[in-house]
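**Q** Encoded as structure tokens, here's the structure I'll be asking about.
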Amino acid sequence: MPAPSQTKLAIRPAATLILLREGARGPELLMQRRASAAVFLGGAYVFPGGALEISDADPGVQARVVGLSEEQARTRLTLAEGALAYWVAAARECFEEAGILLTQDEAGSPIAPDRVAAMTADREALNRRELGFAELLARHRQFLRASELIYFDHRITPPIRPRRFDTRFFVASAPPGQGGSHDNNEAIDSAWLRPRDALDLAGRKEIEIAPVTAIVLEELARFANVDQALAHARAKEHIEADRVVVAQGRTGQQVFRRDDAAYAEIHWTDPEETMRTSYDLVPGIAKRLDRWVTRLIAPNPGMMTGPGTNTYLVGDRELAVIDPGPAIDAHVAAILALGGERIRWILCTHTHRDHSPAARALQAATGARVIGLPPPAVDSHDSSFAPEVLPTHDQELHVAGLTLRALHTPGHASNHLCFMLAETRMLFTGDHVMQGSTVIINPPDGDMRAYLDSLEALSDRDIAIIAPGHGYLIGTPHREIRKIIQHRLQREAKVIDALDRLEGATLSELVPVVYAETPQRLHSAAARSLLAHLYKLVAEERVTEAAGCYRARRL
């Protein structure tokens, strides 16, 4: 395994412009091959772009920007200052490297292609830094059409690269008649390619592209024309930065991006980017998540439990255990080996058999106080769980020198609690929020309406990160919660649509229709959540039920 780098590189702000035009077989984009001797991505095909320069924020150049104000740019990029400079840099770099200028005159007319072609000397002077971009625009009485550059993505180079950039990506329609040309300095070749063709060339090793370039190409390859691609870019609301991270594990050093399951956890556990944190989820191997929290995974992997149940030890000199997990002797022994006599409290999010049964053995070994809500009289719950402290909703619990706020979140289970660690705003969610899948809502104790209401209530909480009952830590908590709500509502809409088309159906008839994309081996579990949806819809008088047949109500 290679040793992680000890040198922390400075991260430079940068801007990249993806130019699109209509081709004979669909949208094409401009790609340029970097010189092989270039320190960063030498020999690779990239989009025009580069680092911001001090002059990009100069009032002289920004006075020649139309269609976008500094305040609007700040809002779009969620920056406190200097946002408009990214648009300037993207346009400047595009002209320097590709010879394409996105400007207009005082009357709003785009610059003519022949005028751009005649500006070769100015372009060369700009590249030599003998001419400023503001001076070039003023000399030709041009104004930068910033509204034509649509903010598209935000990527930060991983720490294993020789140079690091915090890059904002923009897309724009290439000005008619401007085909562009490389500068024979930073860029030594140019090509207009369909995104899919570029990916195929890279797949055959005929061209080299960076992983981030491949991601962008995959995203743009979905669109049949330029207008669709631009509409997609405009529709993006909040664009989260993809600060690529590196971690170590059983298969060696790996790179993780924002859509990877381990991404948020690696950021949380390695804020200094030492690249020493692990991406493994291994039962019985403790992982320190931060100053206060250590996770130990129980040896109960499975279809419903993923890698196993997460047990969290919270504190330092004294410890609280959240979700001790199943009553497996080896797991109880591992918890005691980690915490021993420091364990003073045992908290359970709920009493399903993969979360609470170990509480009894752990309490017997440590004398710790047990905190949680009593189990309902349902077979799927752990009837041995006997809490001494029954927290109320929003109650502060002072344990291990820290503050945990108990939040009653019924839905998956009627006695389900989440616990918010005030010191870090980490939310321990048990099975209320899962990573990569939705939880089963199993009537009669599971309640879909209560579940959705509980999720909505969490939307008002200031949560930094989610520590679920199974899997990795989950980032962007409010976005994830909203995704779960939307997924459930979309599933509900499918139920109504299926009932309309079938003109009534039983539960068993509905499952393969509503869960058509779900493997058949999971249909029995899906049927439980489907029943919860139906109970909710009947209670809301949107569906009727008679003798096990459900029908959509006609309004």
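How things are named: the first chain in the structure tokens is A, the next is B, and so on; residues count from 1 in each chain; ligands count from 1 in the order shown.
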To test your reading of the structure, identify every residue in range 478-529 of chain A that backbone DSSP assigns to helix (DSSP H, G or I), and report it as an MDAnalysis selection string.
**A** chainID A and resid 478:502 507:514 520:529
**Q** Would you mind exporting C-alpha atoms of the selected residues as an mmCIF file, in the first residue's frame?
**A**
```cif
data_model
loop_
_atom_site.group_PDB
_atom_site.id
_atom_site.type_symbol
_atom_site.label_atom_id
_atom_site.label_comp_id
_atom_site.auth_asym_id
_atom_site.auth_seq_id
_atom_site.Cartn_x
_atom_site.Cartn_y
_atom_site.Cartn_z
ATOM 1 C CA HIS A 478 -31.388 17.605 4.608
ATOM 2 C CA ARG A 479 -30.966 16.677 0.956
ATOM 3 C CA GLU A 480 -30.974 12.986 1.869
ATOM 4 C CA ILE A 481 -34.061 13.359 4.035
ATOM 5 C CA ARG A 482 -35.847 15.204 1.229
ATOM 6 C CA LYS A 483 -34.866 12.443 -1.224
ATOM 7 C CA ILE A 484 -36.393 9.822 1.059
ATOM 8 C CA ILE A 485 -39.625 11.798 1.366
ATOM 9 C CA GLN A 486 -39.812 12.306 -2.395
ATOM 10 C CA HIS A 487 -39.116 8.620 -3.005
ATOM 11 C CA ARG A 488 -41.961 7.598 -0.692
ATOM 12 C CA LEU A 489 -44.364 10.060 -2.291
ATOM 13 C CA GLN A 490 -43.387 8.857 -5.765
ATOM 14 C CA ARG A 491 -44.040 5.278 -4.643
ATOM 15 C CA GLU A 492 -47.408 6.396 -3.318
ATOM 16 C CA ALA A 493 -48.220 7.966 -6.687
ATOM 17 C CA LYS A 494 -47.377 4.636 -8.337
ATOM 18 C CA VAL A 495 -49.847 2.922 -6.013
ATOM 19 C CA ILE A 496 -52.644 5.311 -7.030
ATOM 20 C CA ASP A 497 -51.743 4.979 -10.707
ATOM 21 C CA ALA A 498 -51.740 1.172 -10.476
ATOM 22 C CA LEU A 499 -55.117 1.130 -8.749
ATOM 23 C CA ASP A 500 -56.502 3.405 -11.448
ATOM 24 C CA ARG A 501 -55.219 1.171 -14.245
ATOM 25 C CA LEU A 502 -56.191 -2.105 -12.604
ATOM 26 C CA LEU A 507 -51.968 -6.497 -2.091
ATOM 27 C CA SER A 508 -50.375 -9.466 -3.874
ATOM 28 C CA GLU A 509 -51.551 -8.155 -7.241
ATOM 29 C CA LEU A 510 -50.130 -4.703 -6.558
ATOM 30 C CA VAL A 511 -46.623 -5.710 -5.455
ATOM 31 C CA PRO A 512 -45.223 -6.748 -8.884
ATOM 32 C CA VAL A 513 -46.745 -3.626 -10.471
ATOM 33 C CA VAL A 514 -45.709 -1.013 -7.903
ATOM 34 C CA GLN A 520 -38.616 -10.647 -6.873
ATOM 35 C CA ARG A 521 -36.719 -12.042 -3.887
ATOM 36 C CA LEU A 522 -37.433 -8.727 -2.106
ATOM 37 C CA HIS A 523 -41.152 -8.623 -2.925
ATOM 38 C CA SER A 524 -42.228 -10.099 0.409
ATOM 39 C CA ALA A 525 -40.434 -7.280 2.248
ATOM 40 C CA ALA A 526 -41.725 -4.695 -0.242
ATOM 41 C CA ALA A 527 -45.266 -5.927 0.414
ATOM 42 C CA ARG A 528 -44.979 -4.743 4.032
ATOM 43 C CA SER A 529 -44.149 -1.158 3.017
#
```
**Q** Would you mind listing what lies within 12 Å of Ala89 in chain A as a PyMOL selection string, with only C-alpha atoms counted and same-chain residues fewer than 2 positions away left out?
**A** chain A and resi 13-17+48-58+61-62+65+82-87+91-97+132-134+144+146+149+167-170
**Q** Create the file for the chosen residues now, containing N, CA and C atoms and written as a compact mmCIF listing (two decimals), in the first residue's frame.
**A**
```
# COMPACT_ATOMS: atom_id res chain seq x y z
N PRO A 13 -8.36 28.36 -6.86
CA PRO A 13 -9.66 28.48 -7.53
C PRO A 13 -9.49 28.48 -9.04
N ALA A 14 -10.40 27.84 -9.75
CA ALA A 14 -10.30 27.72 -11.20
C ALA A 14 -11.68 27.67 -11.82
N ALA A 15 -11.73 27.87 -13.14
CA ALA A 15 -12.99 27.83 -13.89
C ALA A 15 -12.78 27.09 -15.19
N THR A 16 -13.76 26.33 -15.59
CA THR A 16 -13.72 25.56 -16.83
C THR A 16 -15.01 25.80 -17.61
N LEU A 17 -14.88 25.90 -18.93
CA LEU A 17 -16.04 26.16 -19.78
C LEU A 17 -16.23 25.01 -20.77
N PRO A 48 -11.59 23.74 -22.12
CA PRO A 48 -10.85 24.98 -21.86
C PRO A 48 -11.08 25.46 -20.43
N GLY A 49 -10.01 25.91 -19.79
CA GLY A 49 -10.15 26.42 -18.43
C GLY A 49 -8.81 26.57 -17.76
N GLY A 50 -8.84 27.13 -16.56
CA GLY A 50 -7.60 27.32 -15.82
C GLY A 50 -7.85 28.08 -14.54
N ALA A 51 -6.76 28.40 -13.86
CA ALA A 51 -6.84 29.06 -12.56
C ALA A 51 -7.31 30.51 -12.69
N LEU A 52 -8.02 30.98 -11.66
CA LEU A 52 -8.39 32.39 -11.60
C LEU A 52 -7.14 33.23 -11.41
N GLU A 53 -7.18 34.43 -11.97
CA GLU A 53 -6.11 35.39 -11.78
C GLU A 53 -6.66 36.61 -11.04
N ILE A 54 -5.76 37.35 -10.41
CA ILE A 54 -6.18 38.54 -9.67
C ILE A 54 -6.95 39.49 -10.56
N SER A 55 -6.54 39.58 -11.82
CA SER A 55 -7.18 40.51 -12.74
C SER A 55 -8.63 40.14 -13.06
N ASP A 56 -9.03 38.87 -12.81
CA ASP A 56 -10.40 38.45 -13.09
C ASP A 56 -11.41 39.15 -12.17
N ALA A 57 -10.92 39.63 -11.04
CA ALA A 57 -11.79 40.36 -10.11
C ALA A 57 -11.63 41.87 -10.24
N ASP A 58 -10.85 42.31 -11.22
CA ASP A 58 -10.61 43.74 -11.40
C ASP A 58 -11.91 44.47 -11.76
N VAL A 61 -12.67 44.94 -15.58
CA VAL A 61 -13.21 43.85 -16.38
C VAL A 61 -14.65 43.53 -15.97
N GLN A 62 -14.92 43.61 -14.66
CA GLN A 62 -16.27 43.27 -14.21
C GLN A 62 -17.30 44.32 -14.62
N VAL A 65 -19.10 43.21 -17.77
CA VAL A 65 -19.89 41.98 -17.68
C VAL A 65 -21.36 42.35 -17.72
N GLY A 82 -16.17 37.60 -4.46
CA GLY A 82 -15.34 37.19 -5.59
C GLY A 82 -15.96 36.18 -6.52
N ALA A 83 -17.30 36.10 -6.55
CA ALA A 83 -17.94 35.06 -7.36
C ALA A 83 -17.92 35.37 -8.85
N LEU A 84 -18.12 36.63 -9.22
CA LEU A 84 -18.20 36.97 -10.64
C LEU A 84 -16.88 36.69 -11.36
N ALA A 85 -15.79 36.68 -10.61
CA ALA A 85 -14.48 36.40 -11.21
C ALA A 85 -14.42 35.02 -11.86
N TYR A 86 -15.24 34.08 -11.40
CA TYR A 86 -15.25 32.75 -12.01
C TYR A 86 -15.80 32.80 -13.43
N TRP A 87 -16.83 33.60 -13.66
CA TRP A 87 -17.38 33.75 -15.00
C TRP A 87 -16.35 34.43 -15.92
N ALA A 91 -14.47 32.69 -19.31
CA ALA A 91 -14.50 33.31 -20.63
C ALA A 91 -13.08 33.66 -21.10
N ARG A 92 -12.27 34.19 -20.18
CA ARG A 92 -10.89 34.55 -20.54
C ARG A 92 -10.10 33.33 -20.97
N GLU A 93 -10.16 32.26 -20.17
CA GLU A 93 -9.41 31.05 -20.48
C GLU A 93 -9.89 30.44 -21.80
N CYS A 94 -11.19 30.53 -22.06
CA CYS A 94 -11.73 30.00 -23.30
C CYS A 94 -11.14 30.73 -24.52
N PHE A 95 -11.00 32.05 -24.40
CA PHE A 95 -10.42 32.80 -25.52
C PHE A 95 -8.93 32.53 -25.64
N GLU A 96 -8.23 32.48 -24.50
CA GLU A 96 -6.79 32.23 -24.54
C GLU A 96 -6.47 30.86 -25.14
N GLU A 97 -7.18 29.83 -24.71
CA GLU A 97 -6.83 28.47 -25.09
C GLU A 97 -7.52 28.02 -26.37
N GLY A 132 -4.19 42.83 -20.80
CA GLY A 132 -5.19 42.36 -19.85
C GLY A 132 -6.52 42.09 -20.54
N PHE A 133 -7.34 41.23 -19.95
CA PHE A 133 -8.63 40.90 -20.53
C PHE A 133 -9.54 42.13 -20.54
N ALA A 134 -9.46 42.95 -19.49
CA ALA A 134 -10.27 44.17 -19.44
C ALA A 134 -9.86 45.11 -20.58
N LEU A 144 -18.75 40.99 -21.84
CA LEU A 144 -18.86 39.57 -21.60
C LEU A 144 -20.30 39.18 -21.31
N ALA A 146 -22.19 37.12 -19.55
CA ALA A 146 -22.09 36.17 -18.43
C ALA A 146 -23.34 35.30 -18.30
N LEU A 149 -23.17 31.82 -19.76
CA LEU A 149 -22.35 30.80 -19.12
C LEU A 149 -23.13 30.25 -17.93
N THR A 167 -12.52 23.91 -8.79
CA THR A 167 -12.97 24.31 -10.11
C THR A 167 -14.49 24.40 -10.22
N ARG A 168 -14.95 25.52 -10.74
CA ARG A 168 -16.37 25.67 -11.09
C ARG A 168 -16.50 25.43 -12.60
N PHE A 169 -17.42 24.53 -12.94
CA PHE A 169 -17.66 24.19 -14.34
C PHE A 169 -18.86 24.98 -14.86
N PHE A 170 -18.74 25.49 -16.07
CA PHE A 170 -19.83 26.19 -16.75
C PHE A 170 -20.07 25.53 -18.10
```
**Q** At a cut-off of 6 Å, using only C-alpha atoms, what residues contact range 447-463 of chain A? Leave out same-chain residues fewer than 2 positions from it and give the result as a PyMOL selection string.
**A** chain A and resi 409-411+425+465+478+532+536
**Q** Give me the range 273-368 of chain A side of the contact with range 252-256 of chain A, cut-off 10 Å, one line per residue showing its nearest atom pair and distance in Å at one decimal, counting only C-alpha atoms, sorted by chain and residue number, as JSON lines.
**A**
```
{"residue": "A:Met275", "atom": "CA", "partner": "A:Gln253", "partner_atom": "CA", "distance": 8.6}
{"residue": "A:Arg276", "atom": "CA", "partner": "A:Gln253", "partner_atom": "CA", "distance": 9.2}
{"residue": "A:Ser278", "atom": "CA", "partner": "A:Gln253", "partner_atom": "CA", "distance": 9.1}
{"residue": "A:Tyr279", "atom": "CA", "partner": "A:Gln254", "partner_atom": "CA", "distance": 8.3}
```
**Q** Which neighbours of Arg360 in chain A fall inside 9 Å, counting only C-alpha atoms, when residues of the same chain fewer than 6 positions from it are skipped, and could you give them as a ChimeraX atom specification?
**A** /A:327,370,384-386
**Q** Deliver the residues from the most recent selection as a file, using all heavy atoms, as an mmCIF file, in the first residue's frame.
**A**
```cif
data_model
loop_
_atom_site.group_PDB
_atom_site.id
_atom_site.type_symbol
_atom_site.label_atom_id
_atom_site.label_comp_id
_atom_site.auth_asym_id
_atom_site.auth_seq_id
_atom_site.Cartn_x
_atom_site.Cartn_y
_atom_site.Cartn_z
ATOM 1 N N ALA A 327 -27.856 -9.783 20.394
ATOM 2 C CA ALA A 327 -27.235 -10.473 21.529
ATOM 3 C C ALA A 327 -26.296 -11.562 21.030
ATOM 4 O O ALA A 327 -26.524 -12.759 21.221
ATOM 5 C CB ALA A 327 -28.303 -11.045 22.439
ATOM 6 N N VAL A 370 -30.010 2.076 31.239
ATOM 7 C CA VAL A 370 -30.580 1.831 29.917
ATOM 8 C C VAL A 370 -31.626 2.891 29.607
ATOM 9 O O VAL A 370 -32.525 3.152 30.415
ATOM 10 C CB VAL A 370 -31.195 0.424 29.829
ATOM 11 C CG1 VAL A 370 -31.839 0.211 28.454
ATOM 12 C CG2 VAL A 370 -30.133 -0.630 30.094
ATOM 13 N N SER A 384 -37.259 -8.302 25.709
ATOM 14 C CA SER A 384 -36.389 -8.272 26.893
ATOM 15 C C SER A 384 -35.922 -6.864 27.242
ATOM 16 O O SER A 384 -35.355 -6.652 28.317
ATOM 17 C CB SER A 384 -35.166 -9.169 26.660
ATOM 18 O OG SER A 384 -34.265 -8.559 25.734
ATOM 19 N N PHE A 385 -36.135 -5.927 26.354
ATOM 20 C CA PHE A 385 -35.621 -4.571 26.584
ATOM 21 C C PHE A 385 -36.403 -3.891 27.692
ATOM 22 O O PHE A 385 -37.634 -3.740 27.609
ATOM 23 C CB PHE A 385 -35.718 -3.753 25.296
ATOM 24 C CG PHE A 385 -35.110 -2.374 25.402
ATOM 25 C CD1 PHE A 385 -33.741 -2.205 25.500
ATOM 26 C CD2 PHE A 385 -35.922 -1.250 25.410
ATOM 27 C CE1 PHE A 385 -33.182 -0.938 25.598
ATOM 28 C CE2 PHE A 385 -35.379 0.029 25.500
ATOM 29 C CZ PHE A 385 -34.001 0.177 25.602
ATOM 30 N N ALA A 386 -35.700 -3.449 28.736
ATOM 31 C CA ALA A 386 -36.343 -2.848 29.913
ATOM 32 C C ALA A 386 -35.650 -1.546 30.271
ATOM 33 O O ALA A 386 -34.737 -1.522 31.112
ATOM 34 C CB ALA A 386 -36.303 -3.821 31.084
#
```
**Q** What residues in range 37-129 of chain A get the DSSP label strand (DSSP E)? Please answer as a JSON list (two decimals) with N, CA and C atoms, in the first residue's frame.
**A**
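In the end it all went to part_32.json:
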```
[["chain", "number", "residue", "atom", "x", "y", "z"],
["A", 45, "TYR", "N", -7.08, 14.99, -22.79],
["A", 45, "TYR", "CA", -8.07, 15.86, -23.42],
["A", 45, "TYR", "C", -8.97, 16.46, -22.34],
["A", 46, "VAL", "N", -9.09, 17.78, -22.37],
["A", 46, "VAL", "CA", -9.81, 18.51, -21.33],
["A", 46, "VAL", "C", -10.70, 19.56, -21.98],
["A", 49, "GLY", "N", -10.01, 25.91, -19.79],
["A", 49, "GLY", "CA", -10.15, 26.42, -18.43],
["A", 49, "GLY", "C", -8.81, 26.57, -17.76],
["A", 50, "GLY", "N", -8.84, 27.13, -16.56],
["A", 50, "GLY", "CA", -7.60, 27.32, -15.82],
["A", 50, "GLY", "C", -7.85, 28.08, -14.54],
["A", 51, "ALA", "N", -6.76, 28.40, -13.86],
["A", 51, "ALA", "CA", -6.84, 29.06, -12.56],
["A", 51, "ALA", "C", -7.31, 30.51, -12.69],
["A", 65, "VAL", "N", -19.10, 43.21, -17.77],
["A", 65, "VAL", "CA", -19.89, 41.98, -17.68],
["A", 65, "VAL", "C", -21.36, 42.35, -17.72],
["A", 66, "VAL", "N", -22.13, 41.69, -18.56],
["A", 66, "VAL", "CA", -23.58, 41.95, -18.64],
["A", 66, "VAL", "C", -24.34, 40.66, -18.37],
["A", 103, "THR", "N", -18.83, 37.32, -26.32],
["A", 103, "THR", "CA", -19.07, 38.72, -26.01],
["A", 103, "THR", "C", -20.11, 39.32, -26.95],
["A", 104, "GLN", "N", -20.48, 40.56, -26.63],
["A", 104, "GLN", "CA", -21.41, 41.31, -27.45],
["A", 104, "GLN", "C", -20.99, 42.78, -27.43]]
```
**Q** Nearest residue to Ile440 in chain A out of A:Leu473, A:Ile322, A:Ala221, A:Leu531, using only C-alpha atoms?
**A**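 Under the stated criterion, the closest residue is A:Leu531.
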**Q** Given only C-alpha atoms as the basis, pick out the residue of A:Thr506, A:Thr269, A:Thr251, A:Thr349 nearest to Gly372 in chain A.
**A**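 For Gly372 in chain A, the nearest of the candidates is A:Thr349.
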**Q** What's the separation between CA of Gln142 in chain A and CA of Glu106 in chain A, in Å to one decimal place?
**A** 7.1 Å
**Q** Need to verify the contact set: range 191-204 of chain A, 12 Å, only C-alpha atoms, exclusion of same-chain residues closer than 2 positions in sequence. Can you return it as a PyMOL selection string?
**A** chain A and resi 18-33+44-48+98+174+178-182+187-189+206-226+229
**Q** Do you know which residues are at most 8 Å from Gly325 in chain A counting only C-alpha atoms, after dropping those on the same chain fewer than 2 positions away, and could you put them as a PyMOL selection string?
**A** chain A and resi 298+309-311+323+327+353-359
**Q** Nearest residue to Arg123 in chain A out of A:Asp183, A:Arg161, A:Ala73, A:Ser437, using only C-alpha atoms?
**A** A:Asp183
**Q** Using CA of Ile474 in chain A and CA of Glu273 in chain A as the two end points, give the distance in Å to one decimal.
**A**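 Distance between the two atoms: 18.2 Å.
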**Q** Find the residue from A:His416, A:Arg405, A:His398, A:Arg295 that sits nearest to Cys348 in chain A; use only C-alpha atoms when measuring.
**A**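 Residue with the minimum atom-to-atom distance to Cys348 in chain A: A:His416.
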**Q** Can you list, as a compact mmCIF listing (two decimals) with C-alpha atoms, in the first residue's frame, every protein, DNA or RNA residue that comes within 9 Å of Gly308 in chain A when you count only C-alpha atoms, leaving out same-chain residues fewer than 4 positions away?
**A**
```
# COMPACT_ATOMS: atom_id res chain seq x y z
CA LEU A 281 -16.94 -1.68 6.87
CA VAL A 282 -15.79 -4.75 8.77
CA PRO A 283 -17.68 -6.31 11.70
CA ILE A 297 -20.18 -3.10 13.53
CA ALA A 298 -21.98 -6.20 14.77
CA PRO A 299 -21.34 -9.54 13.00
CA ASN A 300 -24.91 -9.78 11.66
CA PRO A 301 -24.63 -8.90 7.96
CA GLY A 302 -27.61 -9.65 5.75
CA MET A 304 -31.89 -6.23 5.88
CA ASP A 354 -30.88 -6.24 15.46
CA GLY A 469 -27.98 2.07 12.09
CA HIS A 470 -26.33 0.39 9.09
CA GLY A 471 -23.66 1.53 6.67
```
